[in-house]
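Okay, so here's the structure we're looking at.
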Amino acid sequence: MPPLNKNLQELFAVAQKEERLGIGLMSGTSLDGLDIALCSFSGSGLQTQFRLINFITTPYKEAFKKEVQQVFAQKQVSLEKVTLLNAYIGSFHAELILQALAEWRINPAEVDFIASHGQTIYHAPKRLHQHQNYGNATLQIGDADHIAVKTGILTISDFRQKHIAAGGEGAPLALYGDVLLGSKRGENRILLNIGGIANLTYLPADADYTNVMCTDIGPGNTLIDAACRAYFDKPFDEDSAIAYSGTVNETLLDALLHHPFFNESLPKTTGPELFNLNFVADAQQATRTLNLTKADLVATLSTFTGRSIANFIRANFNEPDIKLFTSGGGARNPFVVEYIKKALPNVTIANTSELGIDPDAKEAILFALLGNEALCGEPIAIGNNPKVLMGKFSFPE
């Protein structure tokens with residue numbers, strides 16, 4: 001039998017190592033920047049041992065954000081722009097990785113793999129698009145071959161497609177990492193990530209993975225950030241200063257909360273394709289609240305995020321038995337977090353640093369973990385989610 005080619009030999013060698021050094025990348029729908037988490041892993045599956053070595057978020061410049069926003073969460077965009085950005089983002093992310101490694105004084109040759117989420121530009125579960133002849137779909141750009149060639153590091157990417165191919169919606173993927181890193185027998189836990197979209201994973205105290213729940217809840221930062229960009233020329237509401245200066249409009253808030261998404265069956269996914277400023281404008285039109293001050297609007301949208309999260313937890317879980325751990329940019333939004341704490345007085349709330357997981361780095365860590373699983377793991381059955389390993393391999397040569 002002829003020998004394996006060089007790429008497959010190296011892939012086999014990495015998978016057989018007792019300890020692997022991997023980089024997880026996350027660029028979310030809020031377009032804040034690229035999260036880069038350098039992690040070490042030993043083992044896989046439920047025996048995974050993990051350590052975060054270094055983490056950095058490299059903020060995106062406004063010019064780059066505007067480029068991506070031209071093709072983000074819109075039904076009609078320039079196909080040329082999508083094609084150009086697919087290559088450009090891959091190369092750009094590679095540059096940011098190399099910069100981070102240089103800052104950390106780590107030779108790229110020491111890194112075994114990169115796990116890249118890519119940049120989501122459109123998420124289209126069938127519940128949202130409702131085209132009879134099409135199923136669930138999602139699209140992330142930032143080609144991994146460009147990352148692999150430019151860094152010289154094996155790159156694993158496009159994780160969401162396997163989830164969809166096996167019957168899922170492509171999101172949330174957090175449950176696979178949450179189960180491996182966040183479970184504790186004897187404690188009912190919720191890991192709540194408030195990114196552009198809010199999602200959570202419920203980890204039961206009996207460690208019965210058939211009862212794990214992972215689902216999107218509704219908007220996280222996406223509407224707040226969009227309003228801040230549109231009306232205040234700010235990327236986000238720093239320290240919730242705008243929200244605290246405004247007054248919540250209960251009429252508009254009630255209309256936002258009555259969207260059919262909140263009554264759909266679980267698990268479910270969503271994105272800025274649904275929760276955007278057009279959605280808000282339609283609700284304002286229907287409730288005759290178009291004359292709200294912009295500060296009042298941000299206060300209302302911030303409360304919308306907090307209340308939709310609290311409503312979901314109250315409706316689905318026994319509050320006194322729950323320990324809630326937050327992560328994501330929204331975990332640093334004092335208005336939203338304060339609202340959740342007041343609305344759920346019987347729930348113990350902390351951020352994921354209590355679990356040894358940097359709340360800002362959590363999603364990047366989770367993709368690094370998915371990369372480790374792609375290399376040497378076995379599919380795990382979790383609830384009604386697809387039993388799959390995810391990720392496509394791009395070699396440097």
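To be explicit about the labels: the chains of the structure tokens are called A, B, and onward in the order shown, and within each one the residues are counted from 1, while ligands get numbers from 1 in the order they are shown.
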
Excluding A:Pro386 and residues on its chain fewer than 4 positions from it, collect all residues at most 12 Å away from it, counting only C-alpha atoms, and give them as a list of chain:residue names.
-> A:Arg160, A:Gln161, A:Lys162, A:His163, A:Ile164, A:Ala165, A:Ala166, A:Gly167, A:Gly168, A:Glu169, A:Gly170, A:Ala171, A:Pro172, A:Leu173, A:Leu175, A:Tyr176, A:Thr210, A:Pro379, A:Ile380, A:Ala381, A:Ile382, A:Met390

Per DSSP on the backbone, filter stretch 74-197 of chain A down to the residues in strand (DSSP E or B) and report them as a ChimeraX atom specification.
-> /A:113-124,137-141,155-157,188-194,197

Emit the selected residues as a short mmCIF file (atom, residue, chain, number, x, y, z; two decimals), in the first residue's frame, including N, CA, C and O atoms.
data_model
loop_
_atom_site.label_atom_id
_atom_site.label_comp_id
_atom_site.auth_asym_id
_atom_site.auth_seq_id
_atom_site.Cartn_x
_atom_site.Cartn_y
_atom_site.Cartn_z
N PHE A 113 -3.03 23.53 15.24
CA PHE A 113 -4.19 23.77 14.38
C PHE A 113 -4.84 25.11 14.71
O PHE A 113 -4.66 25.66 15.81
N ILE A 114 -5.58 25.61 13.74
CA ILE A 114 -6.46 26.78 13.91
C ILE A 114 -7.88 26.31 13.65
O ILE A 114 -8.14 25.56 12.70
N ALA A 115 -8.81 26.72 14.49
CA ALA A 115 -10.23 26.43 14.28
C ALA A 115 -10.94 27.77 14.03
O ALA A 115 -11.05 28.59 14.94
N SER A 116 -11.37 27.97 12.80
CA SER A 116 -11.93 29.26 12.40
C SER A 116 -13.43 29.18 12.20
O SER A 116 -13.92 28.39 11.39
N HIS A 117 -14.15 30.03 12.93
CA HIS A 117 -15.59 30.12 12.73
C HIS A 117 -15.94 30.81 11.42
O HIS A 117 -16.94 30.50 10.78
N GLY A 118 -15.10 31.77 10.97
CA GLY A 118 -15.45 32.59 9.82
C GLY A 118 -16.38 33.72 10.23
O GLY A 118 -16.66 33.92 11.41
N GLN A 119 -16.84 34.46 9.23
CA GLN A 119 -17.74 35.58 9.48
C GLN A 119 -19.11 35.25 8.91
O GLN A 119 -19.27 35.11 7.70
N THR A 120 -20.10 35.10 9.77
CA THR A 120 -21.46 34.86 9.28
C THR A 120 -21.94 36.08 8.50
O THR A 120 -21.84 37.21 8.97
N ILE A 121 -22.47 35.82 7.30
CA ILE A 121 -23.11 36.91 6.56
C ILE A 121 -24.60 36.66 6.36
O ILE A 121 -25.35 37.61 6.13
N TYR A 122 -25.03 35.39 6.48
CA TYR A 122 -26.48 35.16 6.41
C TYR A 122 -26.81 33.83 7.09
O TYR A 122 -26.16 32.82 6.84
N HIS A 123 -27.81 33.88 7.95
CA HIS A 123 -28.30 32.67 8.62
C HIS A 123 -29.76 32.49 8.22
O HIS A 123 -30.57 33.40 8.40
N ALA A 124 -30.07 31.32 7.64
CA ALA A 124 -31.39 31.13 7.03
C ALA A 124 -32.01 29.79 7.43
O ALA A 124 -32.11 28.87 6.62
N ALA A 137 -30.17 26.66 6.15
CA ALA A 137 -28.92 27.07 5.50
C ALA A 137 -28.26 28.18 6.30
O ALA A 137 -28.91 28.90 7.07
N THR A 138 -26.96 28.32 6.13
CA THR A 138 -26.20 29.40 6.74
C THR A 138 -24.95 29.59 5.92
O THR A 138 -24.52 28.69 5.20
N LEU A 139 -24.36 30.78 6.00
CA LEU A 139 -23.15 31.05 5.22
C LEU A 139 -22.17 31.88 6.03
O LEU A 139 -22.50 32.97 6.50
N GLN A 140 -20.96 31.30 6.18
CA GLN A 140 -19.85 32.01 6.80
C GLN A 140 -18.75 32.17 5.76
O GLN A 140 -18.46 31.22 5.02
N ILE A 141 -18.15 33.35 5.68
CA ILE A 141 -17.07 33.57 4.73
C ILE A 141 -15.77 33.86 5.49
O ILE A 141 -15.78 34.10 6.68
N THR A 155 -5.72 24.32 9.26
CA THR A 155 -6.89 25.11 9.64
C THR A 155 -8.17 24.30 9.44
O THR A 155 -8.36 23.65 8.41
N ILE A 156 -9.02 24.34 10.44
CA ILE A 156 -10.31 23.63 10.42
C ILE A 156 -11.40 24.70 10.44
O ILE A 156 -11.33 25.65 11.21
N SER A 157 -12.40 24.55 9.58
CA SER A 157 -13.37 25.65 9.41
C SER A 157 -14.75 25.12 9.02
O SER A 157 -14.95 23.91 8.89
N ASN A 188 -27.59 22.08 38.52
CA ASN A 188 -28.28 22.48 37.30
C ASN A 188 -27.71 23.83 36.86
O ASN A 188 -27.80 24.82 37.59
N ARG A 189 -27.11 23.85 35.70
CA ARG A 189 -26.44 25.06 35.23
C ARG A 189 -27.02 25.55 33.91
O ARG A 189 -27.44 24.76 33.07
N ILE A 190 -27.02 26.87 33.77
CA ILE A 190 -27.30 27.50 32.48
C ILE A 190 -26.08 28.32 32.10
O ILE A 190 -25.63 29.17 32.89
N LEU A 191 -25.55 28.08 30.91
CA LEU A 191 -24.49 28.91 30.35
C LEU A 191 -25.14 29.83 29.33
O LEU A 191 -25.61 29.37 28.28
N LEU A 192 -25.22 31.10 29.68
CA LEU A 192 -25.91 32.10 28.86
C LEU A 192 -24.89 32.96 28.14
O LEU A 192 -24.10 33.66 28.79
N ASN A 193 -24.89 32.92 26.83
CA ASN A 193 -24.00 33.77 26.04
C ASN A 193 -24.82 34.89 25.41
O ASN A 193 -25.79 34.64 24.69
N ILE A 194 -24.44 36.13 25.72
CA ILE A 194 -25.14 37.29 25.15
C ILE A 194 -24.20 37.95 24.15
O ILE A 194 -23.42 38.83 24.48
N ILE A 197 -26.72 37.73 19.24
CA ILE A 197 -27.93 36.98 19.60
C ILE A 197 -27.67 36.33 20.95
O ILE A 197 -26.55 35.92 21.27
#

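When only C-alpha atoms are used to measure the gap to A:Ala368, the shortest distance among A:Gln76, A:Asn249, A:Thr215, A:Ser44 belongs to A:Ser44.
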
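With only C-alpha atoms as the atoms that count, the residue of A:Ile313, A:Leu370, A:Leu277, A:Ile36 with the shortest distance to A:Leu200 is A:Ile313.
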
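With distances taken over only C-alpha atoms, A:Leu21 is the one residue among A:Ile97, A:Leu21, A:Ala73, A:Leu8 lying closest to A:Asn372.
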
In terms of only C-alpha atoms, the residue from A:Ser327, A:Ile147, A:Glu397, A:Gly135 at minimal distance from A:Ala364 is A:Ser327

Write out as a tab-separated table a residue-level contact list of stretch 243-267 of chain A versus stretch 298-307 of chain A with cut-off 8 Å: for each qualifying residue the closest pair of atoms and the distance in Å to one decimal, counting only C-alpha atoms, rows sorted by chain and residue number upward.
residue	atom	partner	partner_atom	distance
A:Ala243	CA	A:Ala299	CA	4.0
A:Tyr244	CA	A:Ala299	CA	6.7
A:Ser245	CA	A:Ala299	CA	7.7
A:Gly246	CA	A:Ala299	CA	5.4
A:Thr247	CA	A:Ala299	CA	6.0
A:Val248	CA	A:Thr300	CA	4.5
A:Asn249	CA	A:Thr300	CA	5.9
A:Glu250	CA	A:Thr300	CA	7.7
A:Leu252	CA	A:Thr300	CA	7.6
A:Leu253	CA	A:Phe304	CA	6.2
A:Leu256	CA	A:Phe304	CA	7.3
A:Leu257	CA	A:Phe304	CA	7.1

Quick one: residues within 12 Å of A:Thr58, only C-alpha atoms counted, chain neighbours fewer than 6 positions away excluded, as a ChimeraX atom specification?
-> /A:25-27,31-37,92-93,95-100

For the residues in the current selection, export all heavy atoms as a CSV table (one decimal), in the first residue's frame.
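Wrote it out as out_1.csv, contents follow:
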chain,number,residue,atom,x,y,z
A,25,LEU,N,-10.9,30.9,16.7
A,25,LEU,CA,-11.2,32.2,16.2
A,25,LEU,C,-12.7,32.4,16.2
A,25,LEU,O,-13.5,31.5,15.9
A,25,LEU,CB,-10.8,32.4,14.7
A,25,LEU,CG,-9.3,32.1,14.4
A,25,LEU,CD1,-9.1,32.4,12.9
A,25,LEU,CD2,-8.4,33.0,15.2
A,26,MET,N,-13.1,33.6,16.7
A,26,MET,CA,-14.6,33.9,16.6
A,26,MET,C,-14.7,35.3,16.2
A,26,MET,O,-14.1,36.3,16.7
A,26,MET,CB,-15.2,33.7,18.0
A,26,MET,CG,-16.7,34.0,18.0
A,26,MET,SD,-17.6,32.8,16.9
A,26,MET,CE,-19.1,33.7,16.7
A,27,SER,N,-15.5,35.5,15.2
A,27,SER,CA,-15.9,36.9,14.7
A,27,SER,C,-17.4,36.9,14.6
A,27,SER,O,-18.0,36.2,13.8
A,27,SER,CB,-15.3,37.2,13.4
A,27,SER,OG,-15.7,38.5,12.9
A,31,LEU,N,-19.7,42.2,15.0
A,31,LEU,CA,-18.6,42.8,14.3
A,31,LEU,C,-17.7,43.6,15.1
A,31,LEU,O,-17.1,44.6,14.7
A,31,LEU,CB,-19.1,43.6,13.1
A,31,LEU,CG,-19.7,42.8,11.9
A,31,LEU,CD1,-20.3,43.8,10.9
A,31,LEU,CD2,-18.8,41.9,11.3
A,32,ASP,N,-17.5,43.2,16.4
A,32,ASP,CA,-16.6,44.0,17.3
A,32,ASP,C,-15.2,43.8,16.9
A,32,ASP,O,-14.4,44.8,16.9
A,32,ASP,CB,-16.8,43.5,18.7
A,32,ASP,CG,-18.2,43.7,19.3
A,32,ASP,OD1,-18.8,44.7,18.8
A,32,ASP,OD2,-18.6,43.0,20.2
A,33,GLY,N,-14.8,42.6,16.6
A,33,GLY,CA,-13.4,42.3,16.2
A,33,GLY,C,-13.2,40.8,16.2
A,33,GLY,O,-14.2,40.0,16.3
A,34,LEU,N,-12.0,40.4,16.0
A,34,LEU,CA,-11.6,39.0,16.0
A,34,LEU,C,-11.1,38.5,17.3
A,34,LEU,O,-10.1,39.0,17.8
A,34,LEU,CB,-10.6,38.7,14.9
A,34,LEU,CG,-10.2,37.2,14.7
A,34,LEU,CD1,-11.4,36.4,14.2
A,34,LEU,CD2,-9.0,37.1,13.8
A,35,ASP,N,-11.8,37.5,17.9
A,35,ASP,CA,-11.3,36.9,19.1
A,35,ASP,C,-10.4,35.8,18.8
A,35,ASP,O,-10.7,34.9,17.9
A,35,ASP,CB,-12.5,36.3,19.9
A,35,ASP,CG,-13.5,37.3,20.4
A,35,ASP,OD1,-13.1,38.5,20.6
A,35,ASP,OD2,-14.7,37.0,20.7
A,36,ILE,N,-9.2,35.8,19.4
A,36,ILE,CA,-8.2,34.8,19.1
A,36,ILE,C,-7.8,34.1,20.5
A,36,ILE,O,-7.3,34.8,21.4
A,36,ILE,CB,-6.9,35.4,18.5
A,36,ILE,CG1,-7.3,36.2,17.2
A,36,ILE,CG2,-5.9,34.3,18.1
A,36,ILE,CD1,-6.2,36.9,16.6
A,37,ALA,N,-8.1,32.9,20.6
A,37,ALA,CA,-7.8,32.1,21.9
A,37,ALA,C,-6.8,31.0,21.6
A,37,ALA,O,-7.1,30.2,20.7
A,37,ALA,CB,-9.1,31.5,22.4
A,92,PHE,N,-7.0,38.3,5.9
A,92,PHE,CA,-6.9,39.3,7.0
A,92,PHE,C,-6.9,38.7,8.3
A,92,PHE,O,-6.1,39.0,9.2
A,92,PHE,CB,-8.2,40.3,6.9
A,92,PHE,CG,-8.3,41.3,8.0
A,92,PHE,CD1,-7.2,42.1,8.3
A,92,PHE,CD2,-9.5,41.5,8.6
A,92,PHE,CE1,-7.3,43.0,9.3
A,92,PHE,CE2,-9.6,42.4,9.6
A,92,PHE,CZ,-8.5,43.2,10.0
A,93,HIS,N,-7.7,37.7,8.5
A,93,HIS,CA,-7.7,36.9,9.8
A,93,HIS,C,-6.3,36.3,10.0
A,93,HIS,O,-5.8,36.2,11.2
A,93,HIS,CB,-8.8,35.9,9.9
A,93,HIS,CG,-10.1,36.5,10.2
A,93,HIS,ND1,-11.3,35.7,10.3
A,93,HIS,CD2,-10.5,37.8,10.4
A,93,HIS,CE1,-12.3,36.5,10.6
A,93,HIS,NE2,-11.9,37.8,10.6
A,95,GLU,N,-3.5,37.4,9.0
A,95,GLU,CA,-2.6,38.5,9.5
A,95,GLU,C,-2.7,38.7,11.0
A,95,GLU,O,-1.7,38.9,11.7
A,95,GLU,CB,-2.8,39.8,8.7
A,95,GLU,CG,-2.4,39.7,7.2
A,95,GLU,CD,-2.8,41.0,6.5
A,95,GLU,OE1,-3.2,42.0,7.2
A,95,GLU,OE2,-2.7,41.1,5.3
A,96,LEU,N,-4.0,38.8,11.4
A,96,LEU,CA,-4.2,39.1,12.8
A,96,LEU,C,-3.7,37.9,13.7
A,96,LEU,O,-3.2,38.2,14.8
A,96,LEU,CB,-5.7,39.3,13.1
A,96,LEU,CG,-6.3,40.5,12.3
A,96,LEU,CD1,-7.8,40.6,12.7
A,96,LEU,CD2,-5.6,41.8,12.6
A,97,ILE,N,-3.8,36.7,13.2
A,97,ILE,CA,-3.3,35.6,14.0
A,97,ILE,C,-1.7,35.7,14.1
A,97,ILE,O,-1.2,35.5,15.2
A,97,ILE,CB,-3.6,34.2,13.3
A,97,ILE,CG1,-5.1,34.0,13.4
A,97,ILE,CG2,-2.9,33.1,13.9
A,97,ILE,CD1,-5.6,32.9,12.4
A,98,LEU,N,-1.1,36.0,13.0
A,98,LEU,CA,0.4,36.1,13.0
A,98,LEU,C,0.8,37.3,13.9
A,98,LEU,O,1.8,37.1,14.6
A,98,LEU,CB,0.9,36.3,11.6
A,98,LEU,CG,0.8,35.1,10.7
A,98,LEU,CD1,1.2,35.4,9.2
A,98,LEU,CD2,1.6,33.9,11.2
A,99,GLN,N,0.1,38.3,13.9
A,99,GLN,CA,0.4,39.5,14.8
A,99,GLN,C,0.2,39.0,16.3
A,99,GLN,O,1.1,39.4,17.1
A,99,GLN,CB,-0.6,40.6,14.5
A,99,GLN,CG,-0.3,41.4,13.2
A,99,GLN,CD,-1.4,42.4,12.9
A,99,GLN,OE1,-2.1,42.9,13.8
A,99,GLN,NE2,-1.5,42.8,11.7
A,100,ALA,N,-0.8,38.3,16.6
A,100,ALA,CA,-1.0,37.8,18.0
A,100,ALA,C,0.1,36.9,18.4
A,100,ALA,O,0.7,37.0,19.5
A,100,ALA,CB,-2.4,37.1,18.1

The distance between atom CA of A:Asn199 and atom CA of A:Glu378 is 24.8 Å

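Between A:Ala15 and the candidates A:Thr348, A:Glu373, A:Leu290, A:Lys150, the tightest atom-to-atom separation, counting only C-alpha atoms, involves A:Glu373.
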
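Shortest separation to A:Thr48 among A:Pro345, A:Leu297, A:Arg288, A:Gly177 occurs at residue A:Gly177, atoms counted being only C-alpha atoms.
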
Can you list every residue in stretch 222-336 of chain A that DSSP puts in helix (DSSP H, G or I), as number ranges by chain?
-> A: 222-232, 238-245, 250-257, 260-263, 277-287, 294-316, 319-321, 329-332, 334-336

Find the residues around stretch 83-85 of chain A up to 10 Å (only C-alpha atoms counted), leave out those fewer than 4 positions away in its own chain, and share them as a PyMOL selection string.
-> chain A and resi 67-68+71+78-79+89-92+119+141-143

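For A:Glu187, the list of residues within 12 Å, based on only C-alpha atoms and with local chain neighbours fewer than 5 positions off taken out, reads Gly182, Tyr202, Leu203, Pro204, Ala205, Asp206, Ala207, Asp208, Pro320, Asp321, Ile322, Lys323, Leu324 and Thr348 of chain A.
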
Those selected residues, please, written with C-alpha atoms and delivered as an mmCIF file, in the first residue's frame.
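The result, written out as result.cif:
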data_model
loop_
_atom_site.group_PDB
_atom_site.id
_atom_site.type_symbol
_atom_site.label_atom_id
_atom_site.label_comp_id
_atom_site.auth_asym_id
_atom_site.auth_seq_id
_atom_site.Cartn_x
_atom_site.Cartn_y
_atom_site.Cartn_z
ATOM 1 C CA GLY A 182 -19.273 23.418 31.816
ATOM 2 C CA TYR A 202 -28.958 24.041 30.044
ATOM 3 C CA LEU A 203 -26.769 21.422 31.740
ATOM 4 C CA PRO A 204 -28.762 19.168 34.093
ATOM 5 C CA ALA A 205 -27.377 18.121 37.462
ATOM 6 C CA ASP A 206 -27.819 14.417 36.646
ATOM 7 C CA ALA A 207 -25.413 14.757 33.669
ATOM 8 C CA ASP A 208 -28.032 13.096 31.438
ATOM 9 C CA PRO A 320 -34.132 28.288 42.736
ATOM 10 C CA ASP A 321 -32.366 25.191 41.353
ATOM 11 C CA ILE A 322 -30.376 27.067 38.692
ATOM 12 C CA LYS A 323 -26.884 28.505 38.599
ATOM 13 C CA LEU A 324 -26.512 30.904 35.681
ATOM 14 C CA THR A 348 -27.555 32.532 41.298
#
